[in-house]
$ cat query.pdb   # PDB, C-alpha atoms and all ligand atoms
ATOM      1  CA  MET A   1      -2.594 -46.014 -19.135
ATOM      2  CA  GLN A   2      -3.903 -48.094 -16.228
ATOM      3  CA  ASP A   3      -0.949 -50.476 -16.481
ATOM      4  CA  PHE A   4       1.541 -47.788 -15.470
ATOM      5  CA  GLU A   5       2.202 -46.852 -11.842
ATOM      6  CA  LEU A   6       5.018 -44.895 -10.281
ATOM      7  CA  SER A   7       6.294 -46.211  -6.957
ATOM      8  CA  PRO A   8       4.611 -44.492  -3.962
ATOM      9  CA  ILE A   9       7.907 -42.693  -3.232
ATOM     10  CA  VAL A  10      10.013 -41.515  -6.163
ATOM     11  CA  ALA A  11      13.774 -40.848  -5.987
ATOM     12  CA  GLY A  12      14.933 -37.547  -7.497
ATOM     13  CA  LEU A  13      18.342 -37.248  -9.116
ATOM     14  CA  TRP A  14      18.666 -33.484  -9.349
ATOM     15  CA  ARG A  15      21.524 -33.499  -6.845
ATOM     16  CA  ILE A  16      23.330 -36.703  -7.945
ATOM     17  CA  ALA A  17      26.425 -34.804  -9.088
ATOM     18  CA  ASP A  18      26.868 -33.466  -5.519
ATOM     19  CA  TRP A  19      26.909 -36.950  -4.010
ATOM     20  CA  ASN A  20      30.368 -37.750  -5.393
ATOM     21  CA  LEU A  21      29.647 -41.465  -5.753
ATOM     22  CA  GLY A  22      31.753 -43.783  -7.903
ATOM     23  CA  VAL A  23      29.984 -45.934 -10.481
ATOM     24  CA  GLN A  24      29.771 -48.989  -8.206
ATOM     25  CA  GLU A  25      28.467 -46.795  -5.364
ATOM     26  CA  ARG A  26      25.790 -45.451  -7.697
ATOM     27  CA  VAL A  27      24.846 -49.034  -8.615
ATOM     28  CA  ARG A  28      24.605 -49.894  -4.909
ATOM     29  CA  TRP A  29      22.514 -46.754  -4.189
ATOM     30  CA  ILE A  30      20.064 -47.711  -6.932
ATOM     31  CA  GLU A  31      19.894 -51.301  -5.676
ATOM     32  CA  GLN A  32      19.139 -50.098  -2.150
ATOM     33  CA  ALA A  33      16.417 -47.765  -3.408
ATOM     34  CA  LEU A  34      14.860 -50.665  -5.339
ATOM     35  CA  GLU A  35      15.046 -52.890  -2.249
ATOM     36  CA  LEU A  36      13.081 -50.203  -0.363
ATOM     37  CA  GLY A  37      10.363 -50.245  -3.036
ATOM     38  CA  ILE A  38      11.510 -46.998  -4.661
ATOM     39  CA  THR A  39      11.389 -48.063  -8.307
ATOM     40  CA  SER A  40      10.750 -44.718 -10.013
ATOM     41  CA  PHE A  41      13.660 -42.323 -10.655
ATOM     42  CA  ASP A  42      13.104 -38.679 -11.559
ATOM     43  CA  HIS A  43      15.579 -36.958 -13.870
ATOM     44  CA  ALA A  44      15.731 -33.912 -16.138
ATOM     45  CA  ASP A  45      17.930 -33.257 -19.141
ATOM     46  CA  ILE A  46      19.306 -30.095 -17.509
ATOM     47  CA  TYR A  47      20.179 -31.498 -14.063
ATOM     48  CA  GLY A  48      23.824 -31.161 -13.093
ATOM     49  CA  ASP A  49      24.445 -28.751 -15.972
ATOM     50  CA  TYR A  50      23.192 -31.433 -18.415
ATOM     51  CA  HIS A  51      25.441 -34.133 -16.851
ATOM     52  CA  ALA A  52      23.284 -35.788 -14.154
ATOM     53  CA  GLU A  53      21.446 -38.274 -16.381
ATOM     54  CA  ALA A  54      24.746 -39.643 -17.640
ATOM     55  CA  LEU A  55      25.951 -40.341 -14.083
ATOM     56  CA  PHE A  56      22.873 -42.489 -13.508
ATOM     57  CA  GLY A  57      23.231 -43.996 -16.989
ATOM     58  CA  GLU A  58      26.794 -45.116 -16.226
ATOM     59  CA  ALA A  59      25.405 -47.170 -13.352
ATOM     60  CA  LEU A  60      22.744 -48.701 -15.616
ATOM     61  CA  LYS A  61      25.426 -49.561 -18.139
ATOM     62  CA  ALA A  62      27.537 -51.207 -15.422
ATOM     63  CA  GLU A  63      24.542 -53.220 -14.163
ATOM     64  CA  PRO A  64      22.050 -53.496 -17.066
ATOM     65  CA  THR A  65      19.595 -55.732 -15.173
ATOM     66  CA  LEU A  66      18.615 -52.714 -13.038
ATOM     67  CA  ARG A  67      16.745 -51.087 -15.923
ATOM     68  CA  GLU A  68      13.938 -53.638 -16.079
ATOM     69  CA  ARG A  69      13.243 -53.175 -12.363
ATOM     70  CA  MET A  70      12.605 -49.409 -12.589
ATOM     71  CA  GLN A  71      10.594 -46.635 -14.199
ATOM     72  CA  LEU A  72      12.675 -43.857 -15.744
ATOM     73  CA  VAL A  73      11.166 -40.381 -15.628
ATOM     74  CA  THR A  74      12.827 -37.377 -17.223
ATOM     75  CA  LYS A  75      11.982 -33.855 -18.339
ATOM     76  CA  CYS A  76      12.815 -31.550 -21.215
ATOM     77  CA  GLY A  77      11.790 -28.196 -22.624
ATOM     78  CA  VAL A  78      14.113 -25.860 -20.703
ATOM     79  CA  ARG A  79      16.981 -24.375 -22.658
ATOM     80  CA  LEU A  80      19.435 -23.448 -19.950
ATOM     81  CA  ARG A  81      22.527 -21.463 -20.765
ATOM     82  CA  SER A  82      25.769 -23.317 -20.081
ATOM     83  CA  ALA A  83      29.314 -23.492 -21.448
ATOM     84  CA  GLN A  84      28.197 -25.554 -24.459
ATOM     85  CA  ARG A  85      24.908 -23.697 -24.868
ATOM     86  CA  GLN A  86      25.461 -20.010 -25.358
ATOM     87  CA  TYR A  87      21.861 -18.870 -25.607
ATOM     88  CA  ARG A  88      21.252 -15.145 -25.127
ATOM     89  CA  VAL A  89      18.716 -15.973 -22.400
ATOM     90  CA  ASN A  90      17.371 -19.049 -20.644
ATOM     91  CA  TYR A  91      14.142 -20.002 -22.384
ATOM     92  CA  TYR A  92      11.594 -22.735 -22.984
ATOM     93  CA  ASP A  93      11.253 -24.733 -26.176
ATOM     94  CA  THR A  94       8.556 -27.333 -26.822
ATOM     95  CA  SER A  95       9.056 -27.479 -30.590
ATOM     96  CA  ALA A  96       8.985 -30.945 -32.181
ATOM     97  CA  ALA A  97      12.666 -30.722 -33.090
ATOM     98  CA  TYR A  98      13.827 -29.790 -29.585
ATOM     99  CA  VAL A  99      11.680 -32.298 -27.707
ATOM    100  CA  ARG A 100      12.914 -35.035 -30.060
ATOM    101  CA  THR A 101      16.550 -33.983 -29.678
ATOM    102  CA  GLN A 102      16.345 -34.001 -25.889
ATOM    103  CA  VAL A 103      14.425 -37.288 -25.647
ATOM    104  CA  GLU A 104      17.002 -38.958 -27.863
ATOM    105  CA  GLN A 105      19.835 -37.435 -25.802
ATOM    106  CA  SER A 106      18.217 -38.664 -22.555
ATOM    107  CA  LEU A 107      17.991 -42.170 -24.028
ATOM    108  CA  ARG A 108      21.712 -42.064 -24.818
ATOM    109  CA  ASN A 109      22.616 -40.584 -21.417
ATOM    110  CA  LEU A 110      20.622 -43.178 -19.529
ATOM    111  CA  HIS A 111      21.667 -46.110 -21.757
ATOM    112  CA  ALA A 112      17.974 -46.896 -22.122
ATOM    113  CA  GLU A 113      15.860 -48.128 -25.030
ATOM    114  CA  HIS A 114      12.811 -46.206 -23.865
ATOM    115  CA  LEU A 115      11.705 -43.693 -21.246
ATOM    116  CA  ASP A 116       8.666 -44.552 -19.119
ATOM    117  CA  LEU A 117       7.520 -40.977 -18.553
ATOM    118  CA  VAL A 118       8.693 -37.656 -19.986
ATOM    119  CA  LEU A 119       7.509 -34.336 -18.561
ATOM    120  CA  ILE A 120       7.544 -30.886 -20.102
ATOM    121  CA  HIS A 121       9.597 -29.232 -17.366
ATOM    122  CA  ARG A 122       8.066 -25.755 -17.346
ATOM    123  CA  PRO A 123       5.103 -24.184 -19.173
ATOM    124  CA  ASP A 124       6.287 -22.833 -22.529
ATOM    125  CA  TYR A 125       4.294 -19.693 -23.297
ATOM    126  CA  LEU A 126       4.926 -20.346 -26.991
ATOM    127  CA  MET A 127       3.676 -23.935 -26.781
ATOM    128  CA  ASP A 128       1.386 -24.999 -29.630
ATOM    129  CA  ALA A 129      -0.635 -27.654 -27.801
ATOM    130  CA  ALA A 130      -1.845 -29.497 -30.899
ATOM    131  CA  ALA A 131       1.665 -29.629 -32.362
ATOM    132  CA  LEU A 132       3.179 -30.811 -29.072
ATOM    133  CA  ALA A 133       0.527 -33.541 -28.840
ATOM    134  CA  ASP A 134       1.608 -34.713 -32.314
ATOM    135  CA  THR A 135       5.218 -34.819 -31.106
ATOM    136  CA  PHE A 136       4.149 -36.926 -28.107
ATOM    137  CA  ALA A 137       2.226 -39.308 -30.370
ATOM    138  CA  THR A 138       5.126 -39.683 -32.820
ATOM    139  CA  LEU A 139       7.759 -40.394 -30.150
ATOM    140  CA  THR A 140       5.381 -42.840 -28.472
ATOM    141  CA  LEU A 141       4.754 -44.630 -31.768
ATOM    142  CA  GLU A 142       8.523 -44.899 -32.242
ATOM    143  CA  GLY A 143       8.701 -46.673 -28.876
ATOM    144  CA  LYS A 144      10.917 -43.998 -27.331
ATOM    145  CA  VAL A 145       8.513 -42.710 -24.660
ATOM    146  CA  SER A 146       5.636 -44.607 -23.011
ATOM    147  CA  HIS A 147       3.840 -41.786 -21.159
ATOM    148  CA  TRP A 148       3.835 -38.008 -21.057
ATOM    149  CA  GLY A 149       3.163 -35.395 -18.420
ATOM    150  CA  VAL A 150       4.089 -31.881 -17.363
ATOM    151  CA  SER A 151       5.691 -30.086 -14.450
ATOM    152  CA  ASN A 152       4.997 -26.677 -12.896
ATOM    153  CA  HIS A 153       1.962 -26.173 -15.138
ATOM    154  CA  SER A 154      -1.068 -24.260 -13.909
ATOM    155  CA  ALA A 155      -4.424 -26.026 -13.988
ATOM    156  CA  SER A 156      -5.401 -24.239 -17.198
ATOM    157  CA  GLN A 157      -2.068 -24.978 -18.873
ATOM    158  CA  PHE A 158      -2.503 -28.641 -17.914
ATOM    159  CA  ALA A 159      -6.083 -28.675 -19.233
ATOM    160  CA  LEU A 160      -5.018 -27.148 -22.549
ATOM    161  CA  LEU A 161      -2.464 -29.861 -23.304
ATOM    162  CA  HIS A 162      -4.503 -32.662 -21.686
ATOM    163  CA  GLY A 163      -7.303 -31.772 -24.135
ATOM    164  CA  HIS A 164      -4.974 -32.751 -26.990
ATOM    165  CA  TYR A 165      -3.065 -35.651 -25.420
ATOM    166  CA  ARG A 166      -3.752 -37.712 -22.308
ATOM    167  CA  LEU A 167      -1.180 -36.625 -19.723
ATOM    168  CA  LEU A 168      -0.232 -38.782 -16.745
ATOM    169  CA  THR A 169       0.747 -36.221 -14.127
ATOM    170  CA  ASN A 170       1.635 -32.666 -13.183
ATOM    171  CA  GLN A 171       4.815 -32.513 -11.082
ATOM    172  CA  VAL A 172       4.509 -29.562  -8.695
ATOM    173  CA  GLU A 173       6.196 -28.219  -5.585
ATOM    174  CA  LEU A 174       4.565 -28.834  -2.211
ATOM    175  CA  SER A 175       5.961 -28.793   1.308
ATOM    176  CA  ALA A 176       5.238 -27.301   4.680
ATOM    177  CA  LEU A 177       7.265 -24.309   3.449
ATOM    178  CA  GLN A 178       5.636 -23.956   0.001
ATOM    179  CA  MET A 179       1.889 -24.524  -0.058
ATOM    180  CA  ASN A 180       0.767 -22.657  -3.205
ATOM    181  CA  ALA A 181      -0.374 -25.900  -4.835
ATOM    182  CA  LEU A 182      -3.063 -26.242  -2.163
ATOM    183  CA  ASP A 183      -4.730 -23.063  -3.438
ATOM    184  CA  ASP A 184      -3.735 -22.623  -7.085
ATOM    185  CA  GLY A 185      -6.017 -25.349  -8.448
ATOM    186  CA  THR A 186      -3.329 -27.833  -9.521
ATOM    187  CA  LEU A 187      -4.043 -30.362  -6.770
ATOM    188  CA  ASP A 188      -7.813 -29.883  -7.143
ATOM    189  CA  GLN A 189      -7.428 -30.725 -10.809
ATOM    190  CA  ALA A 190      -5.279 -33.780 -10.032
ATOM    191  CA  GLN A 191      -7.958 -35.047  -7.685
ATOM    192  CA  GLN A 192     -10.740 -34.253 -10.137
ATOM    193  CA  LEU A 193      -9.027 -36.164 -12.963
ATOM    194  CA  GLY A 194      -7.725 -38.957 -10.729
ATOM    195  CA  LEU A 195      -4.196 -38.226 -11.960
ATOM    196  CA  ARG A 196      -1.768 -38.514  -9.084
ATOM    197  CA  PRO A 197       0.591 -35.512  -8.874
ATOM    198  CA  MET A 198       4.336 -35.852  -8.336
ATOM    199  CA  ILE A 199       5.629 -33.573  -5.576
ATOM    200  CA  TRP A 200       9.054 -31.945  -5.739
ATOM    201  CA  SER A 201      11.093 -30.611  -2.784
ATOM    202  CA  PRO A 202       8.837 -32.182  -0.111
ATOM    203  CA  LEU A 203      11.438 -31.144   2.503
ATOM    204  CA  GLY A 204      11.708 -27.663   1.065
ATOM    205  CA  GLY A 205      15.023 -28.678  -0.466
ATOM    206  CA  GLY A 206      16.386 -29.150   3.075
ATOM    207  CA  GLN A 207      15.199 -25.723   4.312
ATOM    208  CA  LEU A 208      12.881 -27.462   6.792
ATOM    209  CA  PHE A 209      16.009 -28.431   8.736
ATOM    210  CA  THR A 210      18.304 -25.491   8.119
ATOM    211  CA  GLY A 211      16.127 -22.542   7.065
ATOM    212  CA  LYS A 212      16.562 -19.343   9.082
ATOM    213  CA  THR A 213      13.425 -17.498   7.965
ATOM    214  CA  GLU A 214      10.681 -16.858  10.538
ATOM    215  CA  GLN A 215       8.461 -19.276   8.635
ATOM    216  CA  ALA A 216      11.081 -22.057   8.676
ATOM    217  CA  VAL A 217      11.711 -21.561  12.394
ATOM    218  CA  ARG A 218       7.956 -21.669  13.157
ATOM    219  CA  VAL A 219       7.393 -24.769  11.029
ATOM    220  CA  ARG A 220      10.415 -26.566  12.488
ATOM    221  CA  SER A 221       9.231 -25.868  16.002
ATOM    222  CA  ALA A 222       5.671 -27.093  15.323
ATOM    223  CA  MET A 223       6.952 -30.156  13.500
ATOM    224  CA  THR A 224       9.425 -31.044  16.241
ATOM    225  CA  ALA A 225       6.595 -31.284  18.796
ATOM    226  CA  ILE A 226       4.309 -33.273  16.484
ATOM    227  CA  ALA A 227       7.081 -35.621  15.350
ATOM    228  CA  ALA A 228       7.898 -36.401  18.984
ATOM    229  CA  ARG A 229       4.269 -37.385  19.611
ATOM    230  CA  TYR A 230       4.299 -39.781  16.629
ATOM    231  CA  ASP A 231       7.813 -40.944  17.583
ATOM    232  CA  ILE A 232       9.150 -40.149  14.091
ATOM    233  CA  SER A 233      11.698 -37.705  12.668
ATOM    234  CA  ILE A 234      10.811 -34.356  11.094
ATOM    235  CA  ALA A 235      11.787 -35.799   7.694
ATOM    236  CA  VAL A 236       9.256 -38.634   8.059
ATOM    237  CA  LEU A 237       6.614 -36.191   9.286
ATOM    238  CA  ALA A 238       7.216 -33.816   6.377
ATOM    239  CA  ILE A 239       6.688 -36.563   3.809
ATOM    240  CA  ALA A 240       3.631 -37.845   5.734
ATOM    241  CA  TRP A 241       2.213 -34.290   5.609
ATOM    242  CA  VAL A 242       2.459 -34.321   1.793
ATOM    243  CA  LEU A 243       1.067 -37.874   1.559
ATOM    244  CA  ARG A 244      -1.996 -36.870   3.585
ATOM    245  CA  HIS A 245      -3.369 -34.873   0.643
ATOM    246  CA  PRO A 246      -6.317 -36.639  -1.029
ATOM    247  CA  SER A 247      -4.841 -36.264  -4.548
ATOM    248  CA  ARG A 248      -2.627 -39.247  -3.548
ATOM    249  CA  PRO A 249       0.659 -37.560  -4.409
ATOM    250  CA  HIS A 250       3.964 -39.253  -5.151
ATOM    251  CA  PRO A 251       6.596 -37.369  -3.105
ATOM    252  CA  ILE A 252       9.997 -37.167  -4.803
ATOM    253  CA  THR A 253      12.760 -37.434  -2.247
ATOM    254  CA  GLY A 254      15.947 -35.574  -3.099
ATOM    255  CA  THR A 255      18.193 -37.259  -0.564
ATOM    256  CA  GLY A 256      21.497 -38.865  -1.489
ATOM    257  CA  ARG A 257      21.531 -40.925   1.732
ATOM    258  CA  VAL A 258      19.999 -44.393   1.925
ATOM    259  CA  GLU A 259      18.833 -43.464   5.441
ATOM    260  CA  GLY A 260      16.984 -40.525   3.860
ATOM    261  CA  LEU A 261      15.313 -42.900   1.393
ATOM    262  CA  ARG A 262      14.303 -45.069   4.353
ATOM    263  CA  ASP A 263      12.700 -42.028   6.060
ATOM    264  CA  ALA A 264      10.658 -41.276   2.948
ATOM    265  CA  VAL A 265       9.377 -44.858   2.765
ATOM    266  CA  ALA A 266       8.630 -44.904   6.510
ATOM    267  CA  ALA A 267       6.216 -42.006   5.946
ATOM    268  CA  LEU A 268       3.931 -44.368   4.014
ATOM    269  CA  ASP A 269       3.033 -45.996   7.361
ATOM    270  CA  VAL A 270       2.115 -42.705   9.056
ATOM    271  CA  ARG A 271      -1.379 -41.285   8.737
ATOM    272  CA  LEU A 272      -1.501 -37.788  10.140
ATOM    273  CA  ASP A 273      -4.436 -36.652  12.199
ATOM    274  CA  ALA A 274      -6.207 -33.727  10.472
ATOM    275  CA  GLN A 275      -5.474 -31.455  13.459
ATOM    276  CA  ASP A 276      -1.765 -32.184  13.175
ATOM    277  CA  TRP A 277      -1.889 -31.560   9.409
ATOM    278  CA  TYR A 278      -3.565 -28.199  10.072
ATOM    279  CA  ALA A 279      -1.159 -27.361  12.900
ATOM    280  CA  ILE A 280       1.649 -27.531  10.334
ATOM    281  CA  TRP A 281      -0.417 -25.465   7.858
ATOM    282  CA  THR A 282      -0.972 -22.896  10.623
ATOM    283  CA  ALA A 283       2.731 -22.739  11.495
ATOM    284  CA  SER A 284       3.580 -22.277   7.816
ATOM    285  CA  LYS A 285       1.083 -19.441   7.301
ATOM    286  CA  GLY A 286       1.740 -17.831  10.654
ATOM    287  CA  HIS A 287      -1.991 -17.535  11.388
ATOM    288  CA  PRO A 288      -4.895 -19.861  12.138
ATOM    289  CA  VAL A 289      -7.414 -20.902   9.491
ATOM    290  CA  PRO A 290     -10.052 -18.200   8.958
TER     291      PRO A 290
HETATM  292  P1  LIG B 301      13.941 -32.430  -0.813
HETATM  293  O1  LIG B 301      13.771 -33.863  -0.374
HETATM  294  O2  LIG B 301      12.955 -31.417  -0.377
HETATM  295  O3  LIG B 301      15.373 -31.894  -0.367
HETATM  296  C1  LIG B 301      16.510 -32.705  -0.431
HETATM  297  C2  LIG B 301      17.612 -32.008   0.315
HETATM  298  O4  LIG B 301      17.291 -32.005   1.705
HETATM  299  C3  LIG B 301      18.941 -32.743   0.159
HETATM  300  O5  LIG B 301      19.984 -31.788   0.018
HETATM  301  C4  LIG B 301      19.035 -33.491   1.458
HETATM  302  O6  LIG B 301      20.371 -33.751   1.858
HETATM  303  C5  LIG B 301      18.373 -32.530   2.419
HETATM  304  N1  LIG B 301      17.943 -33.264   3.621
HETATM  305  C6  LIG B 301      17.170 -34.370   3.669
HETATM  306  N2  LIG B 301      17.016 -34.798   4.962
HETATM  307  C7  LIG B 301      17.719 -33.943   5.705
HETATM  308  C8  LIG B 301      17.943 -33.845   7.094
HETATM  309  N3  LIG B 301      17.416 -34.724   7.962
HETATM  310  N4  LIG B 301      18.718 -32.821   7.545
HETATM  311  C9  LIG B 301      19.244 -31.917   6.666
HETATM  312  N5  LIG B 301      19.065 -31.964   5.318
HETATM  313  C10 LIG B 301      18.306 -32.963   4.847
HETATM  314  O7  LIG B 301      13.961 -32.520  -2.380
HETATM  315  P2  LIG B 301      14.745 -31.753  -3.565
HETATM  316  O8  LIG B 301      16.096 -32.387  -3.710
HETATM  317  O9  LIG B 301      14.688 -30.289  -3.432
HETATM  318  O10 LIG B 301      13.825 -32.194  -4.757
HETATM  319  C11 LIG B 301      13.531 -33.592  -4.934
HETATM  320  C12 LIG B 301      13.483 -33.931  -6.391
HETATM  321  O11 LIG B 301      12.421 -33.225  -7.004
HETATM  322  C13 LIG B 301      14.717 -33.552  -7.213
HETATM  323  O12 LIG B 301      15.754 -34.499  -7.112
HETATM  324  C14 LIG B 301      14.141 -33.519  -8.596
HETATM  325  O13 LIG B 301      14.056 -34.840  -9.104
HETATM  326  C15 LIG B 301      12.740 -32.980  -8.357
HETATM  327  N6  LIG B 301      12.628 -31.525  -8.606
HETATM  328  C16 LIG B 301      11.824 -31.131  -9.629
HETATM  329  C17 LIG B 301      11.657 -29.789  -9.899
HETATM  330  C18 LIG B 301      10.767 -29.378 -11.037
HETATM  331  O14 LIG B 301      10.777 -28.204 -11.421
HETATM  332  N7  LIG B 301       9.999 -30.293 -11.575
HETATM  333  C19 LIG B 301      12.325 -28.809  -9.128
HETATM  334  C20 LIG B 301      13.129 -29.250  -8.065
HETATM  335  C21 LIG B 301      13.269 -30.606  -7.810
HETATM  336  P3  LIG B 301      20.891 -35.275   2.011
HETATM  337  O15 LIG B 301      21.223 -35.723   0.636
HETATM  338  O16 LIG B 301      22.073 -35.147   2.898
HETATM  339  O17 LIG B 301      19.771 -36.074   2.628
END

$ encode --input "query.pdb" --output "structure tokens" --more "lines below"
Ligand code: NAP
Amino acid sequence: MQDFELSPIVAGLWRIADWNLGVQERVRWIEQALELGITSFDHADIYGDYHAEALFGEALKAEPTLRERMQLVTKCGVRLRSAQRQYRVNYYDTSAAYVRTQVEQSLRNLHAEHLDLVLIHRPDYLMDAAALADTFATLTLEGKVSHWGVSNHSASQFALLHGHYRLLTNQVELSALQMNALDDGTLDQAQQLGLRPMIWSPLGGGQLFTGKTEQAVRVRSAMTAIAARYDISIAVLAIAWVLRHPSRPHPITGTGRVEGLRDAVAALDVRLDAQDWYAIWTASKGHPVP
């Protein structure tokens, strides 16, 4: 387990279908991310209505040498209704058959021989932890998946599965607009176990820049003043705010712009003063600490 590390900043591919890049442009985007030290790429089977992985995979097929320079992360376990999948409801499925089907589909989509890390996307209330651990062990033995983790799991849900199979990470949401993870025990657990969390939507999915809620306006105003003092942009500050947490998180940037990737990497050189970190907390909550 010690031999595996995600890059400090991870690139998220949730929005790749919106970027409207041709195959060669996708190759170039990946190359530029790698040149910036972003070597881990976060996918999910369901992104882009089940089509996003294949867009990335086309680039890997066009330039196969890229694969050995990166870590591929993907997720499964959500059965999302779509044109080809007429479920009565959206639901979660962590059965052996479904996890295997989706892992094998991700391998085909990504034109990859193995996946470095696969996460159970959402907590499945019907999950049989011992059975899922067996599924993890079997797919690992077959060489299809190197490491396993979860996403959006509570501390107790993480502990349940981690008791059966050694997980690598819990991928949770954290930003100046969404701070539940600070209080719900997930980041405490990550720190306790020394398992670095992955952080999704560190810019609030863009709401930090465009949000119209009172909270977004307050946070933007506080961050604008602090960013000016550090001589950085709000985007850099927002990532630096996440990085300041002692669980040593890996922020996942969702940007399609290389300049946005550069901002995320620049945050690694910024260490926020605790008062500035708390000023952003205060703006987000709308009241001072008790
Ligand atoms: P994010 O980095 O918080 O938001 C990215 C969005 O913000 C993009 O639309 C981006 O547009 C916009 N943005 C960035 N800089 C901006 C600026 N200066 N001004 C205006 N807009 C700006 O991350 P996210 O995309 O929501 O999530 C990141 C990744 O986390 C996803 O790709 C996915 O891999 C993962 N994720 C996981 C889960 C889960 O349940 N596990 C859920 C959601 C996401 P540009 O492209 O123009 O920069």

$ resolve_selection --input "query.pdb" --expression "the PyMOL selection byres (((not hetatm)) within 6 of (chain B and resi 301))" --output "ChimeraX atom specification"
/A:12-15,42-43,121,151,171,200-206,209,235,252-257,260

$ residues_around --input "query.pdb" --residues "stretch 2-10 of chain A" --least-positions-apart "6" --cutoff "12 Å" --atoms "all atoms listed in the file" --output "PDB file with C-alpha atoms, in the frame of the given file"
ATOM      1  CA  ILE A  30      20.064 -47.711  -6.932  1.00  0.00           C
ATOM      2  CA  ALA A  33      16.417 -47.765  -3.408  1.00  0.00           C
ATOM      3  CA  LEU A  34      14.860 -50.665  -5.339  1.00  0.00           C
ATOM      4  CA  GLU A  35      15.046 -52.890  -2.249  1.00  0.00           C
ATOM      5  CA  LEU A  36      13.081 -50.203  -0.363  1.00  0.00           C
ATOM      6  CA  GLY A  37      10.363 -50.245  -3.036  1.00  0.00           C
ATOM      7  CA  ILE A  38      11.510 -46.998  -4.661  1.00  0.00           C
ATOM      8  CA  THR A  39      11.389 -48.063  -8.307  1.00  0.00           C
ATOM      9  CA  SER A  40      10.750 -44.718 -10.013  1.00  0.00           C
ATOM     10  CA  PHE A  41      13.660 -42.323 -10.655  1.00  0.00           C
ATOM     11  CA  ASP A  42      13.104 -38.679 -11.559  1.00  0.00           C
ATOM     12  CA  HIS A  43      15.579 -36.958 -13.870  1.00  0.00           C
ATOM     13  CA  ARG A  69      13.243 -53.175 -12.363  1.00  0.00           C
ATOM     14  CA  MET A  70      12.605 -49.409 -12.589  1.00  0.00           C
ATOM     15  CA  GLN A  71      10.594 -46.635 -14.199  1.00  0.00           C
ATOM     16  CA  LEU A  72      12.675 -43.857 -15.744  1.00  0.00           C
ATOM     17  CA  VAL A  73      11.166 -40.381 -15.628  1.00  0.00           C
ATOM     18  CA  ASP A 116       8.666 -44.552 -19.119  1.00  0.00           C
ATOM     19  CA  LEU A 117       7.520 -40.977 -18.553  1.00  0.00           C
ATOM     20  CA  SER A 146       5.636 -44.607 -23.011  1.00  0.00           C
ATOM     21  CA  HIS A 147       3.840 -41.786 -21.159  1.00  0.00           C
ATOM     22  CA  TRP A 148       3.835 -38.008 -21.057  1.00  0.00           C
ATOM     23  CA  LEU A 168      -0.232 -38.782 -16.745  1.00  0.00           C
ATOM     24  CA  THR A 169       0.747 -36.221 -14.127  1.00  0.00           C
ATOM     25  CA  GLN A 171       4.815 -32.513 -11.082  1.00  0.00           C
ATOM     26  CA  GLY A 194      -7.725 -38.957 -10.729  1.00  0.00           C
ATOM     27  CA  LEU A 195      -4.196 -38.226 -11.960  1.00  0.00           C
ATOM     28  CA  ARG A 196      -1.768 -38.514  -9.084  1.00  0.00           C
ATOM     29  CA  PRO A 197       0.591 -35.512  -8.874  1.00  0.00           C
ATOM     30  CA  MET A 198       4.336 -35.852  -8.336  1.00  0.00           C
ATOM     31  CA  ILE A 199       5.629 -33.573  -5.576  1.00  0.00           C
ATOM     32  CA  TRP A 200       9.054 -31.945  -5.739  1.00  0.00           C
ATOM     33  CA  SER A 201      11.093 -30.611  -2.784  1.00  0.00           C
ATOM     34  CA  PRO A 202       8.837 -32.182  -0.111  1.00  0.00           C
ATOM     35  CA  ILE A 239       6.688 -36.563   3.809  1.00  0.00           C
ATOM     36  CA  ALA A 240       3.631 -37.845   5.734  1.00  0.00           C
ATOM     37  CA  VAL A 242       2.459 -34.321   1.793  1.00  0.00           C
ATOM     38  CA  LEU A 243       1.067 -37.874   1.559  1.00  0.00           C
ATOM     39  CA  ARG A 248      -2.627 -39.247  -3.548  1.00  0.00           C
ATOM     40  CA  PRO A 249       0.659 -37.560  -4.409  1.00  0.00           C
ATOM     41  CA  HIS A 250       3.964 -39.253  -5.151  1.00  0.00           C
ATOM     42  CA  PRO A 251       6.596 -37.369  -3.105  1.00  0.00           C
ATOM     43  CA  ILE A 252       9.997 -37.167  -4.803  1.00  0.00           C
ATOM     44  CA  THR A 253      12.760 -37.434  -2.247  1.00  0.00           C
ATOM     45  CA  GLY A 254      15.947 -35.574  -3.099  1.00  0.00           C
ATOM     46  CA  THR A 255      18.193 -37.259  -0.564  1.00  0.00           C
ATOM     47  CA  GLY A 260      16.984 -40.525   3.860  1.00  0.00           C
ATOM     48  CA  LEU A 261      15.313 -42.900   1.393  1.00  0.00           C
ATOM     49  CA  ARG A 262      14.303 -45.069   4.353  1.00  0.00           C
ATOM     50  CA  ASP A 263      12.700 -42.028   6.060  1.00  0.00           C
ATOM     51  CA  ALA A 264      10.658 -41.276   2.948  1.00  0.00           C
ATOM     52  CA  VAL A 265       9.377 -44.858   2.765  1.00  0.00           C
ATOM     53  CA  ALA A 266       8.630 -44.904   6.510  1.00  0.00           C
ATOM     54  CA  ALA A 267       6.216 -42.006   5.946  1.00  0.00           C
ATOM     55  CA  LEU A 268       3.931 -44.368   4.014  1.00  0.00           C
ATOM     56  CA  ASP A 269       3.033 -45.996   7.361  1.00  0.00           C
TER      57      ASP A 269
END

$ atom_distance --input "query.pdb" --atom1 "atom CA of A:Gln86" --atom2 "atom CA of A:His111"
26.6 Å

$ resolve_selection --input "query.pdb" --expression "the PyMOL selection byres (((chain A and resi 274) around 12) and not hetatm)" --output "PyMOL selection string"
chain A and resi 240-241+244-246+271-273+275-281

$ resolve_selection --input "query.pdb" --expression "the PyMOL selection byres (((chain A and resi 81) around 12) and not hetatm)" --output "list in words"
Ile46, Asp49, Tyr50, Val78, Arg79, Leu80, Ser82, Ala83, Gln84, Arg85, Gln86, Tyr87, Arg88, Val89, Asn90, Tyr91 and Tyr92 of chain A
